[in-house]
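*Asks:* This one is work_27.txt, compact mmCIF, N, CA and C atoms and all ligand atoms.
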# COMPACT_ATOMS: atom_id res chain seq x y z
N MET A 215 23.26 28.85 27.16
CA MET A 215 22.39 30.02 27.03
C MET A 215 20.96 29.58 26.80
N LYS A 216 20.04 30.36 27.36
CA LYS A 216 18.62 30.08 27.20
C LYS A 216 17.88 31.37 26.86
N LYS A 217 16.83 31.22 26.09
CA LYS A 217 15.94 32.38 25.90
C LYS A 217 14.75 32.24 26.84
N VAL A 218 14.55 33.26 27.63
CA VAL A 218 13.36 33.32 28.47
C VAL A 218 12.39 34.28 27.80
N GLU A 219 11.24 33.75 27.44
CA GLU A 219 10.20 34.56 26.81
C GLU A 219 9.04 34.63 27.78
N ALA A 220 8.48 35.79 27.93
CA ALA A 220 7.33 35.91 28.84
C ALA A 220 6.30 36.83 28.20
N VAL A 221 5.05 36.41 28.28
CA VAL A 221 3.93 37.24 27.83
C VAL A 221 3.15 37.62 29.08
N PHE A 222 2.95 38.91 29.28
CA PHE A 222 2.29 39.35 30.52
C PHE A 222 1.57 40.67 30.30
N ARG A 223 0.97 41.17 31.36
CA ARG A 223 0.14 42.38 31.28
C ARG A 223 0.96 43.66 31.03
N HIS A 224 0.38 44.56 30.22
CA HIS A 224 1.00 45.85 29.94
C HIS A 224 1.46 46.60 31.18
N GLU A 225 0.60 46.61 32.17
CA GLU A 225 0.89 47.46 33.34
C GLU A 225 2.08 46.96 34.15
N LYS A 226 2.60 45.78 33.81
CA LYS A 226 3.72 45.22 34.55
C LYS A 226 5.07 45.48 33.88
N VAL A 227 5.05 46.17 32.74
CA VAL A 227 6.29 46.23 31.95
C VAL A 227 7.44 46.92 32.68
N ASN A 228 7.18 48.04 33.33
CA ASN A 228 8.28 48.75 34.01
C ASN A 228 8.81 47.97 35.21
N GLU A 229 7.87 47.36 35.93
CA GLU A 229 8.25 46.58 37.10
C GLU A 229 9.10 45.36 36.70
N VAL A 230 8.71 44.71 35.61
CA VAL A 230 9.49 43.55 35.13
C VAL A 230 10.87 44.00 34.68
N ARG A 231 10.93 45.10 33.93
CA ARG A 231 12.22 45.62 33.46
C ARG A 231 13.15 45.92 34.64
N ASP A 232 12.62 46.62 35.63
CA ASP A 232 13.45 47.00 36.78
C ASP A 232 13.89 45.78 37.59
N ALA A 233 13.01 44.82 37.72
CA ALA A 233 13.34 43.62 38.51
C ALA A 233 14.42 42.80 37.80
N LEU A 234 14.36 42.73 36.48
CA LEU A 234 15.39 41.98 35.74
C LEU A 234 16.73 42.71 35.80
N ASP A 235 16.68 44.02 35.71
CA ASP A 235 17.89 44.82 35.85
C ASP A 235 18.53 44.57 37.22
N ALA A 236 17.69 44.49 38.24
CA ALA A 236 18.18 44.32 39.61
C ALA A 236 18.86 42.97 39.83
N ILE A 237 18.53 41.95 39.02
CA ILE A 237 19.21 40.66 39.19
C ILE A 237 20.35 40.49 38.19
N GLY A 238 20.69 41.56 37.47
CA GLY A 238 21.89 41.54 36.64
C GLY A 238 21.68 41.18 35.18
N ILE A 239 20.42 41.20 34.74
CA ILE A 239 20.17 40.93 33.32
C ILE A 239 20.30 42.23 32.55
N LYS A 240 21.11 42.19 31.49
CA LYS A 240 21.41 43.43 30.78
C LYS A 240 20.56 43.60 29.53
N GLY A 241 20.57 42.58 28.67
CA GLY A 241 19.86 42.73 27.40
C GLY A 241 18.46 42.17 27.47
N MET A 242 17.51 42.94 26.99
CA MET A 242 16.12 42.46 26.95
C MET A 242 15.35 43.19 25.87
N THR A 243 14.38 42.51 25.30
CA THR A 243 13.53 43.09 24.26
C THR A 243 12.08 43.00 24.71
N PHE A 244 11.36 44.10 24.58
CA PHE A 244 9.93 44.10 24.89
C PHE A 244 9.16 44.44 23.61
N SER A 245 8.09 43.72 23.37
CA SER A 245 7.24 43.99 22.20
C SER A 245 5.79 44.05 22.65
N GLU A 246 5.02 44.82 21.88
CA GLU A 246 3.58 44.81 22.10
C GLU A 246 2.99 43.74 21.20
N VAL A 247 2.28 42.82 21.79
CA VAL A 247 1.73 41.69 21.03
C VAL A 247 0.24 41.52 21.34
N LYS A 248 -0.39 40.67 20.58
CA LYS A 248 -1.77 40.31 20.87
C LYS A 248 -1.88 38.81 20.92
N GLY A 249 -2.70 38.31 21.81
CA GLY A 249 -2.81 36.87 21.87
C GLY A 249 -3.99 36.43 22.71
N CYS A 250 -4.12 35.13 22.84
CA CYS A 250 -5.15 34.59 23.71
C CYS A 250 -4.62 33.34 24.38
N GLY A 251 -5.21 33.03 25.50
CA GLY A 251 -4.86 31.82 26.23
C GLY A 251 -6.08 30.91 26.26
N HIS A 252 -6.29 30.27 27.40
CA HIS A 252 -7.36 29.28 27.49
C HIS A 252 -8.75 29.87 27.35
N GLN A 253 -8.93 31.13 27.73
CA GLN A 253 -10.27 31.72 27.63
C GLN A 253 -10.54 32.28 26.23
N LYS A 254 -9.54 32.22 25.37
CA LYS A 254 -9.69 32.68 23.98
C LYS A 254 -10.12 34.14 23.89
N GLY A 255 -9.55 34.99 24.73
CA GLY A 255 -9.99 36.39 24.76
C GLY A 255 -11.38 36.40 25.35
N TYR A 256 -12.38 36.30 24.56
CA TYR A 256 -13.68 35.79 24.96
C TYR A 256 -14.44 35.40 23.71
N THR A 257 -15.47 34.63 23.86
CA THR A 257 -16.18 34.12 22.68
C THR A 257 -17.63 34.56 22.72
N GLU A 258 -18.21 34.62 21.56
CA GLU A 258 -19.60 35.07 21.43
C GLU A 258 -20.25 34.28 20.29
N THR A 259 -21.54 34.06 20.43
CA THR A 259 -22.22 33.31 19.37
C THR A 259 -22.57 34.24 18.21
N TYR A 260 -22.18 33.87 17.03
CA TYR A 260 -22.47 34.65 15.84
C TYR A 260 -23.10 33.73 14.81
N ARG A 261 -24.36 33.98 14.44
CA ARG A 261 -25.12 33.10 13.53
C ARG A 261 -24.99 31.63 13.92
N GLY A 262 -25.14 31.41 15.22
CA GLY A 262 -25.14 30.03 15.69
C GLY A 262 -23.78 29.41 15.92
N ALA A 263 -22.73 30.07 15.41
CA ALA A 263 -21.38 29.50 15.57
C ALA A 263 -20.64 30.28 16.66
N LYS A 264 -19.88 29.56 17.45
CA LYS A 264 -19.08 30.23 18.47
C LYS A 264 -17.79 30.71 17.83
N VAL A 265 -17.57 32.00 17.83
CA VAL A 265 -16.36 32.52 17.19
C VAL A 265 -15.51 33.28 18.20
N THR A 266 -14.23 33.21 17.99
CA THR A 266 -13.32 33.96 18.86
C THR A 266 -13.28 35.39 18.36
N ILE A 267 -13.58 36.33 19.22
CA ILE A 267 -13.60 37.70 18.74
C ILE A 267 -12.55 38.59 19.41
N HIS A 268 -11.77 38.03 20.29
CA HIS A 268 -10.82 38.92 20.96
C HIS A 268 -9.42 38.36 21.07
N LEU A 269 -8.47 39.16 20.63
CA LEU A 269 -7.07 38.91 20.97
C LEU A 269 -6.68 40.03 21.92
N ARG A 270 -6.18 39.65 23.06
CA ARG A 270 -5.87 40.63 24.09
C ARG A 270 -4.48 41.22 23.88
N PRO A 271 -4.34 42.54 24.05
CA PRO A 271 -3.00 43.11 23.99
C PRO A 271 -2.18 42.70 25.21
N LYS A 272 -0.95 42.30 24.94
CA LYS A 272 -0.04 41.89 26.02
C LYS A 272 1.35 42.42 25.69
N ILE A 273 2.24 42.32 26.65
CA ILE A 273 3.66 42.61 26.42
C ILE A 273 4.40 41.29 26.31
N LYS A 274 5.30 41.20 25.34
CA LYS A 274 6.18 40.04 25.28
C LYS A 274 7.62 40.47 25.56
N LEU A 275 8.21 39.80 26.50
CA LEU A 275 9.62 40.01 26.84
C LEU A 275 10.44 38.86 26.28
N GLU A 276 11.57 39.18 25.70
CA GLU A 276 12.55 38.15 25.35
C GLU A 276 13.88 38.55 25.93
N THR A 277 14.48 37.64 26.67
CA THR A 277 15.83 37.89 27.14
C THR A 277 16.64 36.60 27.04
N VAL A 278 17.81 36.70 26.45
CA VAL A 278 18.71 35.55 26.35
C VAL A 278 19.73 35.69 27.47
N VAL A 279 19.79 34.65 28.29
CA VAL A 279 20.63 34.74 29.49
C VAL A 279 21.53 33.51 29.62
N ASP A 280 22.57 33.66 30.42
CA ASP A 280 23.42 32.53 30.76
C ASP A 280 22.59 31.52 31.56
N ASP A 281 22.93 30.24 31.41
CA ASP A 281 22.19 29.18 32.12
C ASP A 281 22.06 29.46 33.62
N SER A 282 23.10 30.06 34.18
CA SER A 282 23.11 30.31 35.63
C SER A 282 22.05 31.31 36.07
N LEU A 283 21.51 32.07 35.12
CA LEU A 283 20.52 33.11 35.48
C LEU A 283 19.08 32.71 35.18
N VAL A 284 18.88 31.55 34.57
CA VAL A 284 17.54 31.19 34.09
C VAL A 284 16.53 31.10 35.23
N GLU A 285 16.89 30.34 36.26
CA GLU A 285 15.93 30.12 37.34
C GLU A 285 15.54 31.42 38.03
N LYS A 286 16.54 32.27 38.23
CA LYS A 286 16.31 33.54 38.88
C LYS A 286 15.41 34.43 38.01
N ALA A 287 15.68 34.42 36.71
CA ALA A 287 14.89 35.23 35.79
C ALA A 287 13.43 34.79 35.79
N VAL A 288 13.23 33.48 35.70
CA VAL A 288 11.87 32.95 35.66
C VAL A 288 11.13 33.27 36.97
N ALA A 289 11.79 33.04 38.09
CA ALA A 289 11.16 33.30 39.38
C ALA A 289 10.81 34.77 39.55
N THR A 290 11.71 35.63 39.07
CA THR A 290 11.48 37.08 39.19
C THR A 290 10.29 37.52 38.35
N ILE A 291 10.25 37.05 37.12
CA ILE A 291 9.13 37.44 36.24
C ILE A 291 7.82 36.94 36.83
N GLU A 292 7.84 35.70 37.28
CA GLU A 292 6.61 35.11 37.82
C GLU A 292 6.10 35.91 39.01
N GLU A 293 7.02 36.28 39.88
CA GLU A 293 6.64 37.01 41.08
C GLU A 293 6.11 38.40 40.74
N VAL A 294 6.80 39.08 39.84
CA VAL A 294 6.44 40.47 39.56
C VAL A 294 5.19 40.58 38.67
N ALA A 295 5.03 39.64 37.75
CA ALA A 295 3.93 39.76 36.78
C ALA A 295 2.62 39.17 37.29
N ARG A 296 2.67 38.48 38.40
CA ARG A 296 1.46 37.81 38.88
C ARG A 296 0.50 38.78 39.58
N THR A 297 -0.77 38.73 39.15
CA THR A 297 -1.83 39.41 39.92
C THR A 297 -2.75 38.38 40.56
N GLY A 298 -2.73 37.16 40.02
CA GLY A 298 -3.62 36.11 40.52
C GLY A 298 -4.91 36.01 39.73
N GLU A 299 -5.12 36.96 38.81
CA GLU A 299 -6.33 36.93 37.96
C GLU A 299 -6.02 36.20 36.66
N ILE A 300 -7.06 35.71 35.99
CA ILE A 300 -6.83 35.07 34.70
C ILE A 300 -6.22 36.09 33.73
N GLY A 301 -5.34 35.57 32.87
CA GLY A 301 -4.70 36.44 31.90
C GLY A 301 -3.35 36.99 32.34
N ASP A 302 -2.79 36.46 33.41
CA ASP A 302 -1.48 36.94 33.88
C ASP A 302 -0.36 36.62 32.91
N GLY A 303 -0.55 35.57 32.09
CA GLY A 303 0.44 35.29 31.06
C GLY A 303 1.21 34.00 31.24
N LYS A 304 2.29 33.87 30.48
CA LYS A 304 3.04 32.62 30.43
C LYS A 304 4.54 32.93 30.31
N ILE A 305 5.33 31.95 30.70
CA ILE A 305 6.79 32.04 30.55
C ILE A 305 7.27 30.79 29.81
N PHE A 306 8.12 31.00 28.83
CA PHE A 306 8.67 29.88 28.06
C PHE A 306 10.20 29.98 28.09
N VAL A 307 10.86 28.84 28.20
CA VAL A 307 12.32 28.80 28.20
C VAL A 307 12.78 27.87 27.08
N SER A 308 13.70 28.34 26.27
CA SER A 308 14.20 27.49 25.18
C SER A 308 15.71 27.67 25.01
N PRO A 309 16.36 26.64 24.46
CA PRO A 309 17.82 26.71 24.29
C PRO A 309 18.22 27.65 23.16
N ILE A 310 19.38 28.27 23.34
CA ILE A 310 19.93 29.17 22.32
C ILE A 310 21.29 28.62 21.89
N GLU A 311 21.51 28.49 20.59
CA GLU A 311 22.74 27.90 20.10
C GLU A 311 23.89 28.89 20.03
N GLN A 312 23.58 30.13 19.69
CA GLN A 312 24.65 31.07 19.48
C GLN A 312 24.16 32.48 19.78
N ALA A 313 25.06 33.30 20.31
CA ALA A 313 24.76 34.72 20.49
C ALA A 313 25.99 35.50 20.06
N ARG A 314 25.79 36.50 19.26
CA ARG A 314 26.92 37.29 18.76
C ARG A 314 26.65 38.78 18.91
N ARG A 315 27.71 39.51 19.21
CA ARG A 315 27.62 40.97 19.22
C ARG A 315 28.05 41.45 17.84
N ILE A 316 27.15 42.15 17.17
CA ILE A 316 27.41 42.56 15.79
C ILE A 316 28.62 43.50 15.70
N ARG A 317 28.73 44.42 16.66
CA ARG A 317 29.80 45.43 16.59
C ARG A 317 31.19 44.83 16.53
N THR A 318 31.42 43.77 17.32
CA THR A 318 32.77 43.24 17.46
C THR A 318 32.94 41.84 16.89
N GLY A 319 31.85 41.16 16.64
CA GLY A 319 31.92 39.78 16.18
C GLY A 319 32.17 38.78 17.30
N GLU A 320 32.24 39.26 18.54
CA GLU A 320 32.42 38.34 19.68
C GLU A 320 31.19 37.46 19.81
N ALA A 321 31.42 36.25 20.34
CA ALA A 321 30.31 35.32 20.53
C ALA A 321 30.38 34.67 21.89
N GLY A 322 29.23 34.16 22.34
CA GLY A 322 29.20 33.41 23.60
C GLY A 322 28.46 34.14 24.69
N PRO A 323 28.30 33.48 25.83
CA PRO A 323 27.50 34.04 26.92
C PRO A 323 28.05 35.35 27.48
N GLU A 324 29.36 35.59 27.27
CA GLU A 324 29.96 36.85 27.79
C GLU A 324 29.32 38.09 27.16
N ILE A 325 28.78 37.96 25.97
CA ILE A 325 28.25 39.15 25.29
C ILE A 325 26.82 39.50 25.71
N LEU A 326 26.22 38.62 26.50
CA LEU A 326 24.81 38.84 26.84
C LEU A 326 24.67 40.00 27.79
N1 LIG B 1 0.63 28.23 24.55
C1 LIG B 1 0.92 29.50 24.29
N2 LIG B 1 1.80 29.82 23.33
C2 LIG B 1 2.10 31.10 23.04
N3 LIG B 1 1.57 32.14 23.69
C3 LIG B 1 0.69 31.89 24.66
C4 LIG B 1 0.32 30.56 25.01
N4 LIG B 1 -0.56 30.64 26.03
C5 LIG B 1 -0.72 31.94 26.29
N5 LIG B 1 0.00 32.70 25.47
C6 LIG B 1 0.10 34.15 25.45
O1 LIG B 1 -0.06 34.59 26.78
C7 LIG B 1 -1.14 35.49 26.88
C8 LIG B 1 -1.81 35.31 28.21
O2 LIG B 1 -2.24 33.98 28.37
P1 LIG B 1 -3.12 33.63 29.61
O3 LIG B 1 -2.45 34.14 30.83
O4 LIG B 1 -4.52 34.07 29.36
O5 LIG B 1 -3.02 32.02 29.61
P2 LIG B 1 -4.08 31.02 30.23
O6 LIG B 1 -3.54 29.66 29.99
O7 LIG B 1 -5.43 31.32 29.68
O8 LIG B 1 -4.01 31.30 31.78
P3 LIG B 1 -5.14 32.00 32.70
O9 LIG B 1 -6.15 30.94 32.98
O10 LIG B 1 -4.41 32.47 33.90
O11 LIG B 1 -5.71 33.14 31.90
C9 LIG B 1 -2.01 35.18 25.69
O12 LIG B 1 -2.76 36.30 25.32
C10 LIG B 1 -0.99 34.81 24.64
O13 LIG B 1 -0.46 35.98 24.05
MG MG B 2 -6.28 33.20 29.93
Re-express the file's structure as structure tokens.

*Replies:*
Amino acid sequence: MKKVEAVFRHEKVNEVRDALDAIGIKGMTFSEVKGCGHQKGYTETYRGAKVTIHLRPKIKLETVVDDSLVEKAVATIEEVARTGEIGDGKIFVSPIEQARRIRTGEAGPEIL
């Protein structure tokens, strides 16, 4: 199992959700977050010092998927969330040790 995390533009949230649904991903979490990448939101000189003054609102998606779905999930998010402009976001993939369904106590990739 892997967690695919993606930070991307607000306006892409419905399209990303629908595209992941279409490739068979069932569970997903979306959050409203703020962050910055290489441009640091943007910077401005304040009393001679360069300070970061902006954290941009973004959407963060987290979905834990079976290993067999990782590549498809990443490719789908990348394709759907890309505009080609700076600030399109990032995708991170990390290993997951355990997944459990609270209702039944079942564990493993079958519950995803
Ligand atoms: N290394 C990182 N770790 C965690 N979150 C990140 C990281 N880089 C970017 N993010 C998140 O992704 C959002 C969008 O990043 P962004 O697309 O601006 O990255 P970038 O490297 O500056 O690429 P670009 O040049 O296309 O803008 C940030 O606002 C932040 O929330
Ligand atoms: Mg950026």

*Asks:* Give me the residues of chain A that have any atom at most 5 Å from an atom of ligand MG 2 (chain B); for each, the nearest atom pair and the distance in Å, rounded to one decimal. Use all atoms listed in the file, sort by chain and number, and format it as CSV.

*Replies:*
residue,atom,partner,partner_atom,distance
A:Gly251,CA,B:MG2,MG,4.2
A:His252,N,B:MG2,MG,3.9
A:Gln253,N,B:MG2,MG,4.0
A:Ile300,C,B:MG2,MG,4.8
A:Gly301,N,B:MG2,MG,3.9

*Asks:* Rounded to one decimal in Å, what is the spacing between atom CA of A:Leu234 and atom CA of A:Pro323?

*Replies:* 17.0 Å

*Asks:* Within 12 Å of (6.0, 39.2, 33.6) in the file's own coordinates, which protein, DNA or RNA residues have an atom, counting only C-alpha atoms? List them as a VMD selection string.

*Replies:* chain A and resid 218 to 234 244 272 to 277 287 to 297 301 to 306

*Asks:* Apply DSSP to the backbone of this structure and, from chain A, keep only the residues in helix (DSSP H, G or I); write these as a ChimeraX atom specification.

*Replies:* /A:224-236,281-295,323-325

*Asks:* Suppose we keep N, CA and C atoms; can you now write the selection as a PDB file, keeping the file's coordinate frame?

*Replies:*
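Generated output (result.pdb):
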ATOM      1  N   HIS A 224       0.380  44.560  30.220  1.00  0.00           N
ATOM      2  CA  HIS A 224       1.000  45.850  29.940  1.00  0.00           C
ATOM      3  C   HIS A 224       1.460  46.600  31.180  1.00  0.00           C
ATOM      4  N   GLU A 225       0.600  46.610  32.170  1.00  0.00           N
ATOM      5  CA  GLU A 225       0.890  47.460  33.340  1.00  0.00           C
ATOM      6  C   GLU A 225       2.080  46.960  34.150  1.00  0.00           C
ATOM      7  N   LYS A 226       2.600  45.780  33.810  1.00  0.00           N
ATOM      8  CA  LYS A 226       3.720  45.220  34.550  1.00  0.00           C
ATOM      9  C   LYS A 226       5.070  45.480  33.880  1.00  0.00           C
ATOM     10  N   VAL A 227       5.050  46.170  32.740  1.00  0.00           N
ATOM     11  CA  VAL A 227       6.290  46.230  31.950  1.00  0.00           C
ATOM     12  C   VAL A 227       7.440  46.920  32.680  1.00  0.00           C
ATOM     13  N   ASN A 228       7.180  48.040  33.330  1.00  0.00           N
ATOM     14  CA  ASN A 228       8.280  48.750  34.010  1.00  0.00           C
ATOM     15  C   ASN A 228       8.810  47.970  35.210  1.00  0.00           C
ATOM     16  N   GLU A 229       7.870  47.360  35.930  1.00  0.00           N
ATOM     17  CA  GLU A 229       8.250  46.580  37.100  1.00  0.00           C
ATOM     18  C   GLU A 229       9.100  45.360  36.700  1.00  0.00           C
ATOM     19  N   VAL A 230       8.710  44.710  35.610  1.00  0.00           N
ATOM     20  CA  VAL A 230       9.490  43.550  35.130  1.00  0.00           C
ATOM     21  C   VAL A 230      10.870  44.000  34.680  1.00  0.00           C
ATOM     22  N   ARG A 231      10.930  45.100  33.930  1.00  0.00           N
ATOM     23  CA  ARG A 231      12.220  45.620  33.460  1.00  0.00           C
ATOM     24  C   ARG A 231      13.150  45.920  34.640  1.00  0.00           C
ATOM     25  N   ASP A 232      12.620  46.620  35.630  1.00  0.00           N
ATOM     26  CA  ASP A 232      13.450  47.000  36.780  1.00  0.00           C
ATOM     27  C   ASP A 232      13.890  45.780  37.590  1.00  0.00           C
ATOM     28  N   ALA A 233      13.010  44.820  37.720  1.00  0.00           N
ATOM     29  CA  ALA A 233      13.340  43.620  38.510  1.00  0.00           C
ATOM     30  C   ALA A 233      14.420  42.800  37.800  1.00  0.00           C
ATOM     31  N   LEU A 234      14.360  42.730  36.480  1.00  0.00           N
ATOM     32  CA  LEU A 234      15.390  41.980  35.740  1.00  0.00           C
ATOM     33  C   LEU A 234      16.730  42.710  35.800  1.00  0.00           C
ATOM     34  N   ASP A 235      16.680  44.020  35.710  1.00  0.00           N
ATOM     35  CA  ASP A 235      17.890  44.820  35.850  1.00  0.00           C
ATOM     36  C   ASP A 235      18.530  44.570  37.220  1.00  0.00           C
ATOM     37  N   ALA A 236      17.690  44.490  38.240  1.00  0.00           N
ATOM     38  CA  ALA A 236      18.180  44.320  39.610  1.00  0.00           C
ATOM     39  C   ALA A 236      18.860  42.970  39.830  1.00  0.00           C
ATOM     40  N   ASP A 281      22.930  30.240  31.410  1.00  0.00           N
ATOM     41  CA  ASP A 281      22.190  29.180  32.120  1.00  0.00           C
ATOM     42  C   ASP A 281      22.060  29.460  33.620  1.00  0.00           C
ATOM     43  N   SER A 282      23.100  30.060  34.180  1.00  0.00           N
ATOM     44  CA  SER A 282      23.110  30.310  35.630  1.00  0.00           C
ATOM     45  C   SER A 282      22.050  31.310  36.070  1.00  0.00           C
ATOM     46  N   LEU A 283      21.510  32.070  35.120  1.00  0.00           N
ATOM     47  CA  LEU A 283      20.520  33.110  35.480  1.00  0.00           C
ATOM     48  C   LEU A 283      19.080  32.710  35.180  1.00  0.00           C
ATOM     49  N   VAL A 284      18.880  31.550  34.570  1.00  0.00           N
ATOM     50  CA  VAL A 284      17.540  31.190  34.090  1.00  0.00           C
ATOM     51  C   VAL A 284      16.530  31.100  35.230  1.00  0.00           C
ATOM     52  N   GLU A 285      16.890  30.340  36.260  1.00  0.00           N
ATOM     53  CA  GLU A 285      15.930  30.120  37.340  1.00  0.00           C
ATOM     54  C   GLU A 285      15.540  31.420  38.030  1.00  0.00           C
ATOM     55  N   LYS A 286      16.540  32.270  38.230  1.00  0.00           N
ATOM     56  CA  LYS A 286      16.310  33.540  38.880  1.00  0.00           C
ATOM     57  C   LYS A 286      15.410  34.430  38.010  1.00  0.00           C
ATOM     58  N   ALA A 287      15.680  34.420  36.710  1.00  0.00           N
ATOM     59  CA  ALA A 287      14.890  35.230  35.790  1.00  0.00           C
ATOM     60  C   ALA A 287      13.430  34.790  35.790  1.00  0.00           C
ATOM     61  N   VAL A 288      13.230  33.480  35.700  1.00  0.00           N
ATOM     62  CA  VAL A 288      11.870  32.950  35.660  1.00  0.00           C
ATOM     63  C   VAL A 288      11.130  33.270  36.970  1.00  0.00           C
ATOM     64  N   ALA A 289      11.790  33.040  38.090  1.00  0.00           N
ATOM     65  CA  ALA A 289      11.160  33.300  39.380  1.00  0.00           C
ATOM     66  C   ALA A 289      10.810  34.770  39.550  1.00  0.00           C
ATOM     67  N   THR A 290      11.710  35.630  39.070  1.00  0.00           N
ATOM     68  CA  THR A 290      11.480  37.080  39.190  1.00  0.00           C
ATOM     69  C   THR A 290      10.290  37.520  38.350  1.00  0.00           C
ATOM     70  N   ILE A 291      10.250  37.050  37.120  1.00  0.00           N
ATOM     71  CA  ILE A 291       9.130  37.440  36.240  1.00  0.00           C
ATOM     72  C   ILE A 291       7.820  36.940  36.830  1.00  0.00           C
ATOM     73  N   GLU A 292       7.840  35.700  37.280  1.00  0.00           N
ATOM     74  CA  GLU A 292       6.610  35.110  37.820  1.00  0.00           C
ATOM     75  C   GLU A 292       6.100  35.910  39.010  1.00  0.00           C
ATOM     76  N   GLU A 293       7.020  36.280  39.880  1.00  0.00           N
ATOM     77  CA  GLU A 293       6.640  37.010  41.080  1.00  0.00           C
ATOM     78  C   GLU A 293       6.110  38.400  40.740  1.00  0.00           C
ATOM     79  N   VAL A 294       6.800  39.080  39.840  1.00  0.00           N
ATOM     80  CA  VAL A 294       6.440  40.470  39.560  1.00  0.00           C
ATOM     81  C   VAL A 294       5.190  40.580  38.670  1.00  0.00           C
ATOM     82  N   ALA A 295       5.030  39.640  37.750  1.00  0.00           N
ATOM     83  CA  ALA A 295       3.930  39.760  36.780  1.00  0.00           C
ATOM     84  C   ALA A 295       2.620  39.170  37.290  1.00  0.00           C
ATOM     85  N   PRO A 323      28.300  33.480  25.830  1.00  0.00           N
ATOM     86  CA  PRO A 323      27.500  34.040  26.920  1.00  0.00           C
ATOM     87  C   PRO A 323      28.050  35.350  27.480  1.00  0.00           C
ATOM     88  N   GLU A 324      29.360  35.590  27.270  1.00  0.00           N
ATOM     89  CA  GLU A 324      29.960  36.850  27.790  1.00  0.00           C
ATOM     90  C   GLU A 324      29.320  38.090  27.160  1.00  0.00           C
ATOM     91  N   ILE A 325      28.780  37.960  25.970  1.00  0.00           N
ATOM     92  CA  ILE A 325      28.250  39.150  25.290  1.00  0.00           C
ATOM     93  C   ILE A 325      26.820  39.500  25.710  1.00  0.00           C
TER      94      ILE A 325
END

*Asks:* Out of A:Glu299, A:Lys216, A:Gly319, A:Met242, which residue has the shortest atom-to-atom distance to A:Val284 when counting all atoms listed in the file?

*Replies:*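 Selected residue with least distance to A:Val284: A:Lys216.
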
*Asks:* So how far away is atom C9 of ligand LIG 1 (chain B) from atom N of A:Val279, in Å?

*Replies:* 22.0 Å

*Asks:* Could you pull stretch 314-325 of chain A out of the block above and save it with N, CA, C and O atoms, as a PDB file, in the first residue's frame?

*Replies:*
ATOM      1  N   ARG A 314      -6.780  -0.027   8.248  1.00  0.00           N
ATOM      2  CA  ARG A 314      -7.846  -0.769   8.919  1.00  0.00           C
ATOM      3  C   ARG A 314      -9.190  -0.075   8.745  1.00  0.00           C
ATOM      4  O   ARG A 314      -9.262   1.148   8.747  1.00  0.00           O
ATOM      5  N   ARG A 315     -10.221  -0.881   8.613  1.00  0.00           N
ATOM      6  CA  ARG A 315     -11.582  -0.342   8.606  1.00  0.00           C
ATOM      7  C   ARG A 315     -12.095  -0.394  10.034  1.00  0.00           C
ATOM      8  O   ARG A 315     -12.204  -1.463  10.645  1.00  0.00           O
ATOM      9  N   ILE A 316     -12.447   0.760  10.559  1.00  0.00           N
ATOM     10  CA  ILE A 316     -12.843   0.851  11.968  1.00  0.00           C
ATOM     11  C   ILE A 316     -14.102   0.017  12.251  1.00  0.00           C
ATOM     12  O   ILE A 316     -14.180  -0.685  13.256  1.00  0.00           O
ATOM     13  N   ARG A 317     -15.066   0.068  11.328  1.00  0.00           N
ATOM     14  CA  ARG A 317     -16.349  -0.610  11.568  1.00  0.00           C
ATOM     15  C   ARG A 317     -16.197  -2.095  11.838  1.00  0.00           C
ATOM     16  O   ARG A 317     -16.888  -2.656  12.708  1.00  0.00           O
ATOM     17  N   THR A 318     -15.311  -2.756  11.083  1.00  0.00           N
ATOM     18  CA  THR A 318     -15.229  -4.216  11.157  1.00  0.00           C
ATOM     19  C   THR A 318     -13.917  -4.729  11.734  1.00  0.00           C
ATOM     20  O   THR A 318     -13.803  -5.915  12.023  1.00  0.00           O
ATOM     21  N   GLY A 319     -12.920  -3.880  11.809  1.00  0.00           N
ATOM     22  CA  GLY A 319     -11.609  -4.311  12.267  1.00  0.00           C
ATOM     23  C   GLY A 319     -10.800  -5.025  11.188  1.00  0.00           C
ATOM     24  O   GLY A 319      -9.686  -5.480  11.441  1.00  0.00           O
ATOM     25  N   GLU A 320     -11.348  -5.120   9.978  1.00  0.00           N
ATOM     26  CA  GLU A 320     -10.593  -5.737   8.873  1.00  0.00           C
ATOM     27  C   GLU A 320      -9.379  -4.876   8.545  1.00  0.00           C
ATOM     28  O   GLU A 320      -9.448  -3.650   8.675  1.00  0.00           O
ATOM     29  N   ALA A 321      -8.334  -5.546   8.051  1.00  0.00           N
ATOM     30  CA  ALA A 321      -7.116  -4.824   7.690  1.00  0.00           C
ATOM     31  C   ALA A 321      -6.598  -5.291   6.346  1.00  0.00           C
ATOM     32  O   ALA A 321      -6.937  -6.383   5.886  1.00  0.00           O
ATOM     33  N   GLY A 322      -5.782  -4.434   5.725  1.00  0.00           N
ATOM     34  CA  GLY A 322      -5.132  -4.824   4.473  1.00  0.00           C
ATOM     35  C   GLY A 322      -5.660  -4.065   3.279  1.00  0.00           C
ATOM     36  O   GLY A 322      -6.629  -3.315   3.374  1.00  0.00           O
ATOM     37  N   PRO A 323      -5.039  -4.287   2.131  1.00  0.00           N
ATOM     38  CA  PRO A 323      -5.388  -3.515   0.931  1.00  0.00           C
ATOM     39  C   PRO A 323      -6.834  -3.703   0.471  1.00  0.00           C
ATOM     40  O   PRO A 323      -7.381  -2.837  -0.214  1.00  0.00           O
ATOM     41  N   GLU A 324      -7.454  -4.827   0.886  1.00  0.00           N
ATOM     42  CA  GLU A 324      -8.862  -5.074   0.473  1.00  0.00           C
ATOM     43  C   GLU A 324      -9.805  -4.000   1.006  1.00  0.00           C
ATOM     44  O   GLU A 324     -10.875  -3.763   0.434  1.00  0.00           O
ATOM     45  N   ILE A 325      -9.457  -3.354   2.095  1.00  0.00           N
ATOM     46  CA  ILE A 325     -10.387  -2.387   2.691  1.00  0.00           C
ATOM     47  C   ILE A 325     -10.294  -0.998   2.056  1.00  0.00           C
ATOM     48  O   ILE A 325     -11.085  -0.105   2.351  1.00  0.00           O
TER      49      ILE A 325
END
